[in-house]
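The file input-v4.cif contains mmCIF, C-alpha atoms and all ligand atoms:
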data_structure
loop_
_atom_site.label_atom_id
_atom_site.label_comp_id
_atom_site.auth_asym_id
_atom_site.auth_seq_id
_atom_site.Cartn_x
_atom_site.Cartn_y
_atom_site.Cartn_z
CA MET A 1 -35.97 -161.32 -10.26
CA THR A 2 -35.95 -162.72 -6.74
CA ASP A 3 -33.04 -163.00 -4.30
CA LEU A 4 -32.54 -166.73 -3.92
CA PRO A 5 -29.41 -168.00 -2.20
CA PRO A 6 -26.97 -169.25 -4.86
CA PRO A 7 -25.72 -172.85 -4.81
CA ALA A 8 -22.66 -173.54 -2.64
CA VAL A 9 -20.36 -175.01 -5.29
CA ARG A 10 -19.32 -173.20 -8.47
CA PRO A 11 -17.90 -174.99 -11.51
CA ALA A 12 -14.12 -174.75 -11.04
CA ARG A 13 -13.68 -173.71 -14.68
CA PRO A 14 -16.95 -172.07 -15.78
CA TYR A 15 -15.88 -171.96 -19.44
CA PHE A 16 -18.75 -173.35 -21.51
CA SER A 17 -18.41 -171.21 -24.65
CA SER A 18 -18.89 -172.95 -28.00
CA GLY A 19 -15.97 -171.10 -29.51
CA PRO A 20 -13.38 -170.13 -28.62
CA CYS A 21 -13.81 -173.05 -26.23
CA ALA A 22 -12.28 -173.77 -22.82
CA LYS A 23 -8.52 -174.26 -22.75
CA PRO A 24 -7.40 -177.79 -21.90
CA PRO A 25 -7.21 -178.45 -18.14
CA GLY A 26 -3.76 -177.57 -16.81
CA TYR A 27 -3.10 -175.11 -19.64
CA SER A 28 -1.17 -171.94 -19.07
CA PRO A 29 0.53 -169.74 -21.69
CA GLY A 30 3.76 -170.11 -19.69
CA LYS A 31 3.86 -173.79 -20.61
CA LEU A 32 4.14 -173.14 -24.36
CA ALA A 33 7.42 -173.70 -26.23
CA LEU A 34 8.46 -170.25 -27.41
CA ALA A 35 11.75 -170.82 -29.27
CA SER A 36 10.07 -170.32 -32.65
CA LEU A 37 8.73 -166.86 -31.73
CA GLY A 38 10.54 -163.82 -33.09
CA ARG A 39 12.01 -165.99 -35.86
CA SER A 40 11.07 -166.41 -39.50
CA HIS A 41 8.37 -169.02 -39.92
CA ARG A 42 10.47 -170.21 -42.85
CA ALA A 43 13.55 -170.76 -40.65
CA LYS A 44 14.33 -174.38 -39.83
CA ILE A 45 12.74 -174.15 -36.39
CA GLY A 46 9.50 -172.54 -37.62
CA LYS A 47 9.03 -175.06 -40.38
CA ALA A 48 9.81 -177.91 -37.98
CA ARG A 49 7.16 -176.71 -35.50
CA LEU A 50 4.54 -176.30 -38.24
CA ALA A 51 5.36 -179.79 -39.54
CA HIS A 52 5.18 -181.14 -35.96
CA CYS A 53 1.72 -179.60 -35.58
CA ILE A 54 0.61 -181.29 -38.82
CA ASP A 55 2.10 -184.65 -37.73
CA LEU A 56 0.39 -184.48 -34.33
CA THR A 57 -2.91 -183.63 -36.02
CA ARG A 58 -2.61 -186.68 -38.24
CA GLU A 59 -1.80 -188.90 -35.28
CA VAL A 60 -4.57 -187.67 -32.99
CA LEU A 61 -7.20 -187.64 -35.76
CA GLN A 62 -6.00 -191.03 -37.02
CA LEU A 63 -6.01 -189.52 -40.48
CA PRO A 64 -4.96 -191.98 -43.19
CA ALA A 65 -1.92 -191.24 -45.38
CA THR A 66 -4.30 -190.67 -48.32
CA HIS A 67 -5.29 -187.28 -46.86
CA ARG A 68 -3.17 -184.13 -46.67
CA ILE A 69 -3.28 -181.54 -43.85
CA GLY A 70 -2.56 -177.85 -44.39
CA ILE A 71 -2.51 -174.89 -42.00
CA VAL A 72 -4.16 -171.95 -43.76
CA PRO A 73 -5.30 -168.38 -43.00
CA GLY A 74 -8.73 -167.27 -41.80
CA SER A 75 -9.72 -169.87 -39.23
CA ASP A 76 -12.35 -172.46 -40.21
CA THR A 77 -14.12 -169.94 -42.46
CA GLY A 78 -10.91 -169.29 -44.39
CA ALA A 79 -10.25 -173.00 -44.83
CA TYR A 80 -13.80 -173.80 -45.96
CA GLU A 81 -14.06 -170.84 -48.35
CA MET A 82 -10.62 -171.69 -49.76
CA ALA A 83 -11.99 -175.16 -50.58
CA MET A 84 -15.21 -173.75 -52.09
CA TRP A 85 -13.46 -171.11 -54.16
CA THR A 86 -10.75 -173.43 -55.50
CA MET A 87 -12.78 -176.58 -56.22
CA LEU A 88 -16.39 -175.66 -56.99
CA GLY A 89 -17.78 -174.95 -60.45
CA ALA A 90 -16.77 -178.24 -62.06
CA ARG A 91 -20.10 -179.98 -61.27
CA PRO A 92 -23.55 -179.04 -59.96
CA VAL A 93 -23.58 -178.27 -56.25
CA THR A 94 -25.87 -179.28 -53.39
CA ALA A 95 -25.60 -177.16 -50.24
CA CYS A 96 -27.11 -178.54 -47.02
CA ALA A 97 -28.07 -176.23 -44.18
CA TRP A 98 -29.77 -176.82 -40.86
CA GLU A 99 -28.38 -173.90 -38.90
CA SER A 100 -26.51 -170.66 -39.26
CA PHE A 101 -23.05 -171.84 -40.39
CA GLY A 102 -24.46 -174.14 -43.08
CA GLU A 103 -26.60 -171.17 -44.17
CA GLY A 104 -23.39 -169.16 -44.49
CA TRP A 105 -22.02 -171.68 -47.02
CA VAL A 106 -25.35 -171.55 -48.91
CA THR A 107 -25.01 -167.77 -49.12
CA ASP A 108 -21.45 -168.12 -50.43
CA ALA A 109 -22.57 -170.61 -53.09
CA VAL A 110 -25.64 -168.59 -54.15
CA LYS A 111 -24.66 -164.96 -53.83
CA GLN A 112 -20.89 -164.93 -54.16
CA LEU A 113 -20.03 -167.86 -56.42
CA ARG A 114 -23.46 -167.73 -58.15
CA LEU A 115 -23.54 -171.49 -58.56
CA ASP A 116 -27.32 -171.90 -58.42
CA PRO A 117 -26.97 -174.83 -56.02
CA THR A 118 -29.66 -177.27 -55.00
CA ILE A 119 -30.40 -176.32 -51.40
CA LEU A 120 -31.39 -178.91 -48.78
CA ARG A 121 -32.61 -177.16 -45.67
CA ALA A 122 -34.08 -178.07 -42.29
CA ASP A 123 -35.24 -175.99 -39.37
CA TYR A 124 -33.22 -175.64 -36.18
CA GLY A 125 -33.38 -178.95 -34.33
CA HIS A 126 -33.65 -181.15 -37.44
CA LEU A 127 -31.58 -182.58 -40.28
CA PRO A 128 -32.73 -182.37 -43.90
CA ASP A 129 -33.35 -185.64 -45.76
CA LEU A 130 -29.74 -186.56 -46.44
CA GLY A 131 -30.98 -189.54 -48.47
CA ALA A 132 -32.24 -187.04 -51.08
CA ILE A 133 -28.71 -185.85 -51.96
CA ASP A 134 -27.66 -186.36 -55.58
CA TRP A 135 -24.03 -187.45 -55.28
CA GLY A 136 -23.38 -186.54 -58.86
CA HIS A 137 -23.11 -183.09 -57.26
CA ASP A 138 -20.42 -181.61 -55.07
CA VAL A 139 -21.98 -181.52 -51.61
CA LEU A 140 -21.47 -178.90 -48.91
CA PHE A 141 -22.46 -179.78 -45.35
CA THR A 142 -21.63 -179.02 -41.72
CA TRP A 143 -20.85 -182.17 -39.72
CA ASN A 144 -21.87 -180.64 -36.40
CA GLY A 145 -24.17 -177.64 -36.61
CA THR A 146 -22.73 -175.62 -33.74
CA THR A 147 -25.71 -173.29 -33.46
CA SER A 148 -28.46 -175.93 -33.37
CA GLY A 149 -26.60 -178.82 -31.74
CA VAL A 150 -27.61 -181.08 -34.63
CA ARG A 151 -24.96 -183.28 -36.25
CA VAL A 152 -24.89 -185.97 -38.89
CA PRO A 153 -24.82 -189.26 -36.96
CA ASN A 154 -22.13 -190.76 -39.22
CA ALA A 155 -20.90 -190.74 -42.82
CA ASP A 156 -23.28 -193.47 -44.03
CA PHE A 157 -25.18 -190.96 -46.18
CA ILE A 158 -22.05 -190.44 -48.29
CA PRO A 159 -21.66 -193.21 -50.89
CA ALA A 160 -18.25 -194.75 -51.47
CA GLY A 161 -18.69 -194.51 -55.24
CA ARG A 162 -19.74 -190.84 -55.37
CA ALA A 163 -18.96 -188.78 -58.47
CA GLY A 164 -19.07 -185.42 -56.65
CA LEU A 165 -16.87 -184.29 -53.77
CA SER A 166 -17.94 -184.19 -50.11
CA PHE A 167 -17.04 -180.92 -48.35
CA ALA A 168 -17.39 -181.24 -44.56
CA ASP A 169 -17.20 -178.18 -42.35
CA ALA A 170 -16.04 -180.30 -39.40
CA THR A 171 -14.94 -177.61 -36.98
CA SER A 172 -16.93 -178.70 -33.93
CA ALA A 173 -16.86 -182.38 -34.95
CA VAL A 174 -13.21 -183.35 -35.35
CA PHE A 175 -11.59 -184.60 -32.12
CA ALA A 176 -15.05 -185.53 -30.80
CA TYR A 177 -16.46 -188.00 -33.32
CA ASP A 178 -15.27 -190.92 -35.40
CA ILE A 179 -14.99 -189.77 -38.98
CA ASP A 180 -14.86 -192.23 -41.85
CA TRP A 181 -12.16 -190.41 -43.79
CA ALA A 182 -12.65 -192.49 -46.94
CA LYS A 183 -15.99 -190.66 -47.30
CA ILE A 184 -14.46 -187.21 -46.87
CA ASP A 185 -12.87 -185.36 -49.76
CA VAL A 186 -12.51 -182.02 -47.97
CA ALA A 187 -12.72 -181.27 -44.25
CA THR A 188 -11.94 -178.08 -42.40
CA PHE A 189 -11.65 -177.03 -38.79
CA SER A 190 -10.18 -174.44 -36.48
CA TRP A 191 -8.10 -175.07 -33.36
CA GLN A 192 -10.42 -172.85 -31.30
CA LYS A 193 -13.11 -175.55 -30.95
CA VAL A 194 -12.61 -179.05 -29.53
CA LEU A 195 -8.86 -178.53 -28.94
CA GLY A 196 -9.40 -175.31 -26.99
CA GLY A 197 -6.78 -173.66 -29.20
CA GLU A 198 -6.73 -170.22 -30.80
CA GLY A 199 -8.63 -168.82 -33.78
CA GLY A 200 -6.92 -167.18 -36.73
CA HIS A 201 -5.79 -170.28 -38.55
CA GLY A 202 -7.80 -172.96 -40.26
CA VAL A 203 -6.86 -176.52 -40.99
CA LEU A 204 -7.65 -177.85 -44.47
CA ILE A 205 -7.77 -181.61 -45.00
CA LEU A 206 -7.76 -182.85 -48.59
CA GLY A 207 -8.44 -186.36 -49.77
CA PRO A 208 -7.03 -187.65 -53.07
CA ARG A 209 -10.16 -186.81 -55.07
CA ALA A 210 -9.96 -183.19 -53.91
CA VAL A 211 -6.35 -183.00 -55.09
CA GLU A 212 -7.42 -184.47 -58.42
CA ARG A 213 -10.06 -181.74 -58.69
CA LEU A 214 -7.57 -179.01 -57.87
CA GLU A 215 -5.17 -180.27 -60.51
CA SER A 216 -7.84 -180.68 -63.22
CA HIS A 217 -10.15 -177.70 -62.70
CA THR A 218 -9.49 -173.99 -63.06
CA PRO A 219 -12.12 -171.84 -61.33
CA ALA A 220 -13.99 -169.34 -63.48
CA TRP A 221 -13.35 -166.57 -60.93
CA PRO A 222 -10.19 -164.90 -59.68
CA LEU A 223 -8.51 -166.27 -56.54
CA PRO A 224 -6.82 -164.07 -53.96
CA LYS A 225 -3.32 -165.16 -53.00
CA VAL A 226 -4.45 -166.50 -49.61
CA PHE A 227 -6.71 -169.03 -51.41
CA ARG A 228 -4.14 -170.30 -53.89
CA LEU A 229 -3.30 -173.97 -53.39
CA MET A 230 -1.70 -174.50 -56.78
CA ALA A 231 1.74 -173.60 -58.12
CA LYS A 232 2.75 -174.16 -61.73
CA GLY A 233 -0.26 -176.35 -62.47
CA LYS A 234 0.41 -178.70 -59.54
CA LEU A 235 -0.74 -178.80 -55.95
CA ALA A 236 1.60 -176.67 -53.82
CA GLU A 237 2.73 -179.63 -51.72
CA GLY A 238 4.79 -177.42 -49.41
CA ILE A 239 1.59 -176.08 -47.82
CA PHE A 240 0.93 -179.59 -46.50
CA LYS A 241 4.39 -179.81 -44.94
CA GLY A 242 4.24 -176.53 -43.04
CA GLU A 243 5.27 -174.05 -45.73
CA THR A 244 2.28 -171.80 -45.16
CA ILE A 245 0.91 -169.48 -47.88
CA ASN A 246 1.60 -166.42 -45.74
CA THR A 247 2.81 -165.65 -42.23
CA PRO A 248 1.18 -167.71 -39.49
CA SER A 249 1.00 -166.90 -35.79
CA MET A 250 3.65 -169.18 -34.33
CA LEU A 251 2.12 -168.46 -30.92
CA ALA A 252 -1.20 -169.93 -32.10
CA VAL A 253 0.71 -172.86 -33.63
CA GLU A 254 2.51 -173.52 -30.31
CA ASP A 255 -0.80 -173.27 -28.50
CA ALA A 256 -2.28 -175.90 -30.84
CA ILE A 257 0.77 -178.14 -30.37
CA TRP A 258 0.27 -177.96 -26.60
CA ALA A 259 -3.38 -178.96 -26.95
CA LEU A 260 -2.52 -181.81 -29.33
CA GLU A 261 0.14 -183.11 -26.93
CA TRP A 262 -2.44 -182.93 -24.14
CA ALA A 263 -4.76 -184.97 -26.38
CA GLN A 264 -2.00 -187.54 -26.88
CA SER A 265 -1.54 -187.77 -23.12
CA LEU A 266 -5.21 -188.81 -22.85
CA GLY A 267 -4.72 -191.58 -25.38
CA GLY A 268 -5.55 -189.47 -28.45
CA LEU A 269 -8.93 -189.52 -30.13
CA ALA A 270 -10.42 -192.19 -27.85
CA GLY A 271 -9.47 -190.13 -24.78
CA LEU A 272 -10.94 -186.94 -26.25
CA LYS A 273 -14.16 -188.68 -27.24
CA ALA A 274 -14.52 -190.27 -23.82
CA ARG A 275 -14.29 -186.85 -22.14
CA SER A 276 -16.77 -185.26 -24.52
CA ASP A 277 -19.20 -188.18 -24.26
CA ALA A 278 -19.04 -188.06 -20.44
CA ASN A 279 -19.75 -184.32 -20.50
CA ALA A 280 -22.71 -184.74 -22.83
CA ALA A 281 -24.08 -187.60 -20.70
CA ALA A 282 -23.76 -185.49 -17.53
CA LEU A 283 -25.62 -182.63 -19.22
CA ASP A 284 -28.24 -185.01 -20.56
CA ALA A 285 -28.87 -186.24 -17.00
CA ILE A 286 -29.38 -182.62 -15.91
CA VAL A 287 -31.86 -182.07 -18.76
CA ALA A 288 -33.73 -185.33 -18.09
CA ALA A 289 -34.30 -184.33 -14.46
CA ARG A 290 -35.81 -180.94 -15.30
CA PRO A 291 -39.16 -180.58 -17.07
CA TRP A 292 -38.32 -177.02 -18.08
CA LEU A 293 -35.17 -178.03 -20.01
CA GLY A 294 -35.14 -179.92 -23.31
CA HIS A 295 -32.88 -180.70 -26.24
CA LEU A 296 -33.26 -178.58 -29.37
CA ALA A 297 -32.10 -181.58 -31.45
CA ALA A 298 -35.25 -183.65 -31.92
CA ASP A 299 -33.62 -187.00 -32.72
CA PRO A 300 -31.13 -188.29 -30.11
CA ALA A 301 -29.03 -189.87 -32.90
CA THR A 302 -28.39 -186.41 -34.34
CA ARG A 303 -27.71 -184.76 -30.98
CA SER A 304 -24.33 -183.08 -30.74
CA THR A 305 -22.01 -184.12 -27.93
CA THR A 306 -19.99 -180.91 -28.32
CA SER A 307 -22.30 -177.91 -28.83
CA VAL A 308 -25.33 -179.03 -26.87
CA CYS A 309 -28.30 -176.73 -27.49
CA LEU A 310 -31.14 -176.66 -24.99
CA THR A 311 -34.66 -175.29 -24.96
CA VAL A 312 -35.94 -173.50 -21.86
CA ALA A 313 -39.69 -173.61 -21.25
CA GLY A 314 -41.31 -170.21 -21.74
CA ALA A 315 -38.02 -168.41 -22.41
CA ASP A 316 -37.72 -165.57 -24.90
CA GLU A 317 -34.58 -163.73 -25.91
CA ALA A 318 -34.75 -161.34 -22.95
CA PHE A 319 -35.15 -164.23 -20.49
CA ILE A 320 -32.11 -166.04 -21.91
CA LYS A 321 -30.08 -162.85 -21.87
CA ALA A 322 -30.88 -162.23 -18.20
CA PHE A 323 -30.28 -165.91 -17.36
CA ALA A 324 -26.85 -166.02 -19.00
CA ALA A 325 -25.85 -162.62 -17.60
CA LEU A 326 -26.74 -163.71 -14.08
CA LEU A 327 -24.57 -166.82 -14.31
CA GLU A 328 -21.72 -164.87 -15.83
CA LYS A 329 -21.91 -162.27 -13.05
CA GLU A 330 -21.75 -165.05 -10.47
CA GLY A 331 -18.75 -166.62 -12.22
CA ALA A 332 -20.77 -169.84 -12.52
CA ALA A 333 -21.03 -170.13 -16.32
CA TYR A 334 -19.66 -168.06 -19.17
CA ASP A 335 -21.17 -167.70 -22.64
CA ILE A 336 -24.08 -170.15 -22.45
CA ALA A 337 -26.75 -168.14 -24.26
CA GLY A 338 -27.71 -169.75 -27.59
CA TYR A 339 -26.38 -168.32 -30.83
CA ARG A 340 -27.98 -165.06 -31.97
CA ASP A 341 -29.68 -166.63 -35.03
CA ALA A 342 -30.94 -169.74 -33.17
CA PRO A 343 -34.27 -169.98 -31.31
CA PRO A 344 -33.85 -168.55 -27.76
CA GLY A 345 -32.23 -171.19 -25.57
CA LEU A 346 -28.96 -172.28 -23.98
CA ARG A 347 -25.84 -173.71 -25.60
CA ILE A 348 -23.38 -175.53 -23.37
CA TRP A 349 -20.09 -176.76 -24.79
CA CYS A 350 -19.33 -180.34 -23.85
CA GLY A 351 -16.09 -180.82 -25.83
CA ALA A 352 -13.08 -182.57 -24.34
CA THR A 353 -11.50 -179.51 -22.73
CA VAL A 354 -14.45 -179.13 -20.34
CA ASP A 355 -14.31 -181.14 -17.09
CA THR A 356 -17.32 -183.37 -16.33
CA ALA A 357 -17.35 -182.25 -12.69
CA ASP A 358 -17.98 -178.72 -13.93
CA ILE A 359 -20.97 -179.83 -16.01
CA VAL A 360 -22.33 -181.63 -12.93
CA ALA A 361 -21.77 -178.52 -10.79
CA LEU A 362 -23.63 -176.43 -13.36
CA GLY A 363 -26.97 -178.20 -12.75
CA PRO A 364 -27.96 -176.42 -9.52
CA TRP A 365 -26.82 -173.10 -11.03
CA LEU A 366 -29.21 -173.57 -13.95
CA ASP A 367 -32.02 -174.18 -11.43
CA TRP A 368 -31.01 -171.12 -9.48
CA ALA A 369 -30.84 -168.86 -12.54
CA TYR A 370 -34.18 -170.19 -13.85
CA ALA A 371 -35.94 -169.55 -10.55
CA SER A 372 -34.25 -166.18 -10.11
CA VAL A 373 -35.11 -164.83 -13.56
CA LYS A 374 -38.64 -166.26 -13.43
CA GLY A 375 -39.17 -164.76 -10.02
C1 LIG B 401 -19.84 -175.13 -37.80
C2 LIG B 401 -19.02 -173.88 -37.84
N1 LIG B 401 -18.54 -173.43 -39.01
C3 LIG B 401 -17.79 -172.32 -39.08
C4 LIG B 401 -17.48 -171.59 -37.97
C5 LIG B 401 -16.64 -170.37 -38.10
O1 LIG B 401 -15.43 -170.66 -37.53
P1 LIG B 401 -14.22 -169.63 -37.48
O2 LIG B 401 -14.70 -168.45 -36.72
O3 LIG B 401 -13.17 -170.42 -36.80
O4 LIG B 401 -13.88 -169.28 -38.89
C6 LIG B 401 -17.94 -172.01 -36.72
C7 LIG B 401 -17.65 -171.22 -35.51
O5 LIG B 401 -18.31 -171.28 -34.51
C8 LIG B 401 -18.72 -173.18 -36.66
O6 LIG B 401 -19.17 -173.62 -35.49
#
Could you quickly redo this structure as structure tokens?
Amino acid sequence: MTDLPPPAVRPARPYFSSGPCAKPPGYSPGKLALASLGRSHRAKIGKARLAHCIDLTREVLQLPATHRIGIVPGSDTGAYEMAMWTMLGARPVTACAWESFGEGWVTDAVKQLRLDPTILRADYGHLPDLGAIDWGHDVLFTWNGTTSGVRVPNADFIPAGRAGLSFADATSAVFAYDIDWAKIDVATFSWQKVLGGEGGHGVLILGPRAVERLESHTPAWPLPKVFRLMAKGKLAEGIFKGETINTPSMLAVEDAIWALEWAQSLGGLAGLKARSDANAAALDAIVAARPWLGHLAADPATRSTTSVCLTVAGADEAFIKAFAALLEKEGAAYDIAGYRDAPPGLRIWCGATVDTADIVALGPWLDWAYASVKG
């Protein structure tokens, strides 16, 4: 490494992690409403705050009345596995994977549920041939592959008249992309991504066909209590009004409410998308100006505007580790090394809670770190 003088201006908020992601600008824990803390989550106030969180989610996501929203345990993983465990087994399954999280759902389907799914895979940087999906199957996919920065461009690959159910792990997609909800039977996410909220809880969105499945299909395997969405042969509707299966963190709920109200103050989904798009465009300009940086996502139409994954010419794992550590030590960028299972590279979160000026300020720091580590 060489001793080059560092750039003069640091990003004001150097939080570029792809999860948990940067808190919304202006956030401080002291601003949260705390009246529901230290009370039963089943008291009037707790239930009202959980219901408020669900209502705000519907409003900001522009989710149609056809779809239900539940707050469930176990972050995005809990929500997605709850959907898999409660609804799969009724039809053949296709599992799509183009990065590590999609691979995780393949593993669940193959090794845990033993469903012998059809597997549609692509390497990091690419999408599989989504046109090859048999929609007589239930289909598992990740809308935005957080570890490769490859997303589905839209829901056009999902037919309106499908027989199977579509299961979207949408954790780093919701609040950043338009989602055609009529095409989505199940979607899940965690507050810790685009909203800059906390982990711990997942959000489970169910369309009418998913509810039909729940009410007509009994899984062949046992379900732990935290996965049970049914009561007396019917959907447990209370879950979708804020009567959670077990005890939630009301602090995490209040934190999510704060983020959702911040989103509303920006004009809701359009405001969030505009911020994320501006961040991704600013990063793209940085990449375009540097021959040693590139996008891992080969096709620009499939390029994430939240978890942007970059290639670095000649970099191996050790180079990336030193690069990211140097920027962290300088307080210029936190958590920008690519995911451990991805090819060595950088991953820079461009979701709505990041400020565009901070992405712009990052450019010279990337140059500095590259020259320093190379030297
Ligand atoms: C696409 C995707 N799926 C699932 C997860 C797991 O989320 P959680 O840790 O909130 O369960 C993540 C987290 O980064 C993710 O990006």
- Task: Kindly indicate which residue among A:Thr86, A:Thr306, A:Ser276, A:Thr147 lies nearest to Glu215 of chain A, using all atoms listed in the file for the distances.
- Result: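 Between A:Thr86, A:Thr306, A:Ser276, A:Thr147, the residue approaching Glu215 of chain A most closely is A:Thr86.
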Restricting the calculation to all atoms listed in the file: of A:Gly267, A:Cys21, A:Ala65, A:Arg114, which residue gets closest to Trp349 of chain A?
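Looking only at the distances to Trp349 of chain A, the closest residue turns out to be A:Cys21.
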From the list A:Ser75, A:Ser216, A:Ser265, A:Ser166, the nearest residue to Ala90 of chain A using only C-alpha atoms is A:Ser216
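The closest residue to ligand LIG 401 (chain B), picked from A:Tyr15, A:Phe240, A:Trp98, A:Trp368 and counting only C-alpha atoms and all ligand atoms, is A:Trp98.
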For segment 130-139 of chain A: contacts at 7 Å, all atoms listed in the file, fewer than 6 positions along chain excluded, given as an mmCIF file with C-alpha atoms, in the frame of the given file:
data_model
loop_
_atom_site.group_PDB
_atom_site.id
_atom_site.type_symbol
_atom_site.label_atom_id
_atom_site.label_comp_id
_atom_site.auth_asym_id
_atom_site.auth_seq_id
_atom_site.Cartn_x
_atom_site.Cartn_y
_atom_site.Cartn_z
ATOM 1 C CA ARG A 91 -20.100 -179.980 -61.270
ATOM 2 C CA PRO A 92 -23.550 -179.040 -59.960
ATOM 3 C CA VAL A 93 -23.580 -178.270 -56.250
ATOM 4 C CA THR A 94 -25.870 -179.280 -53.390
ATOM 5 C CA ALA A 95 -25.600 -177.160 -50.240
ATOM 6 C CA PHE A 157 -25.180 -190.960 -46.180
ATOM 7 C CA ARG A 162 -19.740 -190.840 -55.370
ATOM 8 C CA ALA A 163 -18.960 -188.780 -58.470
ATOM 9 C CA GLY A 164 -19.070 -185.420 -56.650
ATOM 10 C CA LEU A 165 -16.870 -184.290 -53.770
ATOM 11 C CA SER A 166 -17.940 -184.190 -50.110
ATOM 12 C CA PHE A 167 -17.040 -180.920 -48.350
#
The residue from A:Ser148, A:Thr77, A:Ser100, A:Thr107 with the smallest atom-to-atom distance to ligand LIG 401 (chain B), counting only C-alpha atoms and all ligand atoms, is A:Thr77
Can you tell me which residues sit at most 6 Å away from ligand LIG 401 (chain B), counting only C-alpha atoms and all ligand atoms, written as a PyMOL selection string? chain A and resi 19+75-77+101+142+145-146+169+171-172+190+199
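Between atom CA of His126 of chain A and atom CA of Ala170 of chain A the separation is 17.7 Å.
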Nearest residue to Ile54 of chain A from the set A:Leu204, A:Ala97, A:Ala160, A:Ala298 (distances using only C-alpha atoms) |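 Smallest separation from Ile54 of chain A among the options: A:Leu204.
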Padding 5 Å on each side, edges along x, y and z: where is the centre of the box around the listed atoms of segment 229-243 of chain A, and how long are its edges in Å to one decimal? Output it as AutoDock Vina command-line options.
--center_x 1.0 --center_y -176.7 --center_z -52.8 --size_x 18.6 --size_y 16.2 --size_z 29.4
A straight line from atom CA of Thr311 of chain A to atom CA of Leu296 of chain A spans 5.7 Å
Show me, as JSON lines, the residues of segment 175-217 of chain A having an atom within 9 Å of segment 351-363 of chain A, each with the closest atom pair and its distance in Å, using all atoms listed in the file.
{"residue": "A:Phe175", "atom": "CA", "partner": "A:Ala352", "partner_atom": "CA", "distance": 8.2}
{"residue": "A:Ala176", "atom": "CA", "partner": "A:Gly351", "partner_atom": "CA", "distance": 6.9}
{"residue": "A:Lys193", "atom": "CA", "partner": "A:Gly351", "partner_atom": "CA", "distance": 7.9}
{"residue": "A:Val194", "atom": "CA", "partner": "A:Gly351", "partner_atom": "CA", "distance": 5.4}
{"residue": "A:Leu195", "atom": "CA", "partner": "A:Thr353", "partner_atom": "CA", "distance": 6.8}
{"residue": "A:Gly196", "atom": "CA", "partner": "A:Thr353", "partner_atom": "CA", "distance": 6.3}
Q. Once you count only C-alpha atoms, which residues end up no further than 10 Å from (-16.2, -189.8, -27.6) in the file's frame, shown as number ranges by chain?
A. A: 175-178, 269-280, 305-306, 351-352
Suppose you want the space between atom CA of Ala281 of chain A and atom CA of Cys309 of chain A; what is it in Å?
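Going from atom CA of Ala281 of chain A over to atom CA of Cys309 of chain A covers 13.5 Å.
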Output requested as a PDB file, in the coordinates of the input - segment 296-308 of chain A, filled out with N, CA and C atoms.
ATOM      1  N   LEU A 296     -32.784-179.154 -28.108  1.00  0.00           N
ATOM      2  CA  LEU A 296     -33.260-178.580 -29.370  1.00  0.00           C
ATOM      3  C   LEU A 296     -33.212-179.639 -30.475  1.00  0.00           C
ATOM      4  N   ALA A 297     -32.205-180.505 -30.450  1.00  0.00           N
ATOM      5  CA  ALA A 297     -32.100-181.580 -31.450  1.00  0.00           C
ATOM      6  C   ALA A 297     -33.177-182.616 -31.174  1.00  0.00           C
ATOM      7  N   ALA A 298     -34.085-182.792 -32.143  1.00  0.00           N
ATOM      8  CA  ALA A 298     -35.250-183.650 -31.920  1.00  0.00           C
ATOM      9  C   ALA A 298     -34.855-185.126 -31.797  1.00  0.00           C
ATOM     10  N   ASP A 299     -33.967-185.579 -32.667  1.00  0.00           N
ATOM     11  CA  ASP A 299     -33.620-187.000 -32.720  1.00  0.00           C
ATOM     12  C   ASP A 299     -32.311-187.231 -31.941  1.00  0.00           C
ATOM     13  N   PRO A 300     -32.343-188.078 -30.904  1.00  0.00           N
ATOM     14  CA  PRO A 300     -31.130-188.290 -30.110  1.00  0.00           C
ATOM     15  C   PRO A 300     -29.921-188.728 -30.956  1.00  0.00           C
ATOM     16  N   ALA A 301     -30.152-189.417 -32.066  1.00  0.00           N
ATOM     17  CA  ALA A 301     -29.030-189.870 -32.900  1.00  0.00           C
ATOM     18  C   ALA A 301     -28.317-188.702 -33.576  1.00  0.00           C
ATOM     19  N   THR A 302     -28.998-187.571 -33.688  1.00  0.00           N
ATOM     20  CA  THR A 302     -28.390-186.410 -34.340  1.00  0.00           C
ATOM     21  C   THR A 302     -27.962-185.343 -33.324  1.00  0.00           C
ATOM     22  N   ARG A 303     -28.005-185.718 -32.054  1.00  0.00           N
ATOM     23  CA  ARG A 303     -27.710-184.760 -30.980  1.00  0.00           C
ATOM     24  C   ARG A 303     -26.201-184.583 -30.818  1.00  0.00           C
ATOM     25  N   SER A 304     -25.751-183.369 -30.907  1.00  0.00           N
ATOM     26  CA  SER A 304     -24.330-183.080 -30.740  1.00  0.00           C
ATOM     27  C   SER A 304     -23.857-183.456 -29.345  1.00  0.00           C
ATOM     28  N   THR A 305     -22.618-183.933 -29.264  1.00  0.00           N
ATOM     29  CA  THR A 305     -22.010-184.120 -27.930  1.00  0.00           C
ATOM     30  C   THR A 305     -20.944-183.053 -27.689  1.00  0.00           C
ATOM     31  N   THR A 306     -20.908-182.041 -28.575  1.00  0.00           N
ATOM     32  CA  THR A 306     -19.990-180.910 -28.320  1.00  0.00           C
ATOM     33  C   THR A 306     -20.814-179.652 -28.015  1.00  0.00           C
ATOM     34  N   SER A 307     -21.498-179.142 -29.028  1.00  0.00           N
ATOM     35  CA  SER A 307     -22.300-177.910 -28.830  1.00  0.00           C
ATOM     36  C   SER A 307     -23.734-178.321 -28.508  1.00  0.00           C
ATOM     37  N   VAL A 308     -24.002-178.519 -27.249  1.00  0.00           N
ATOM     38  CA  VAL A 308     -25.330-179.030 -26.870  1.00  0.00           C
ATOM     39  C   VAL A 308     -26.287-177.848 -26.695  1.00  0.00           C
TER      40      VAL A 308
END
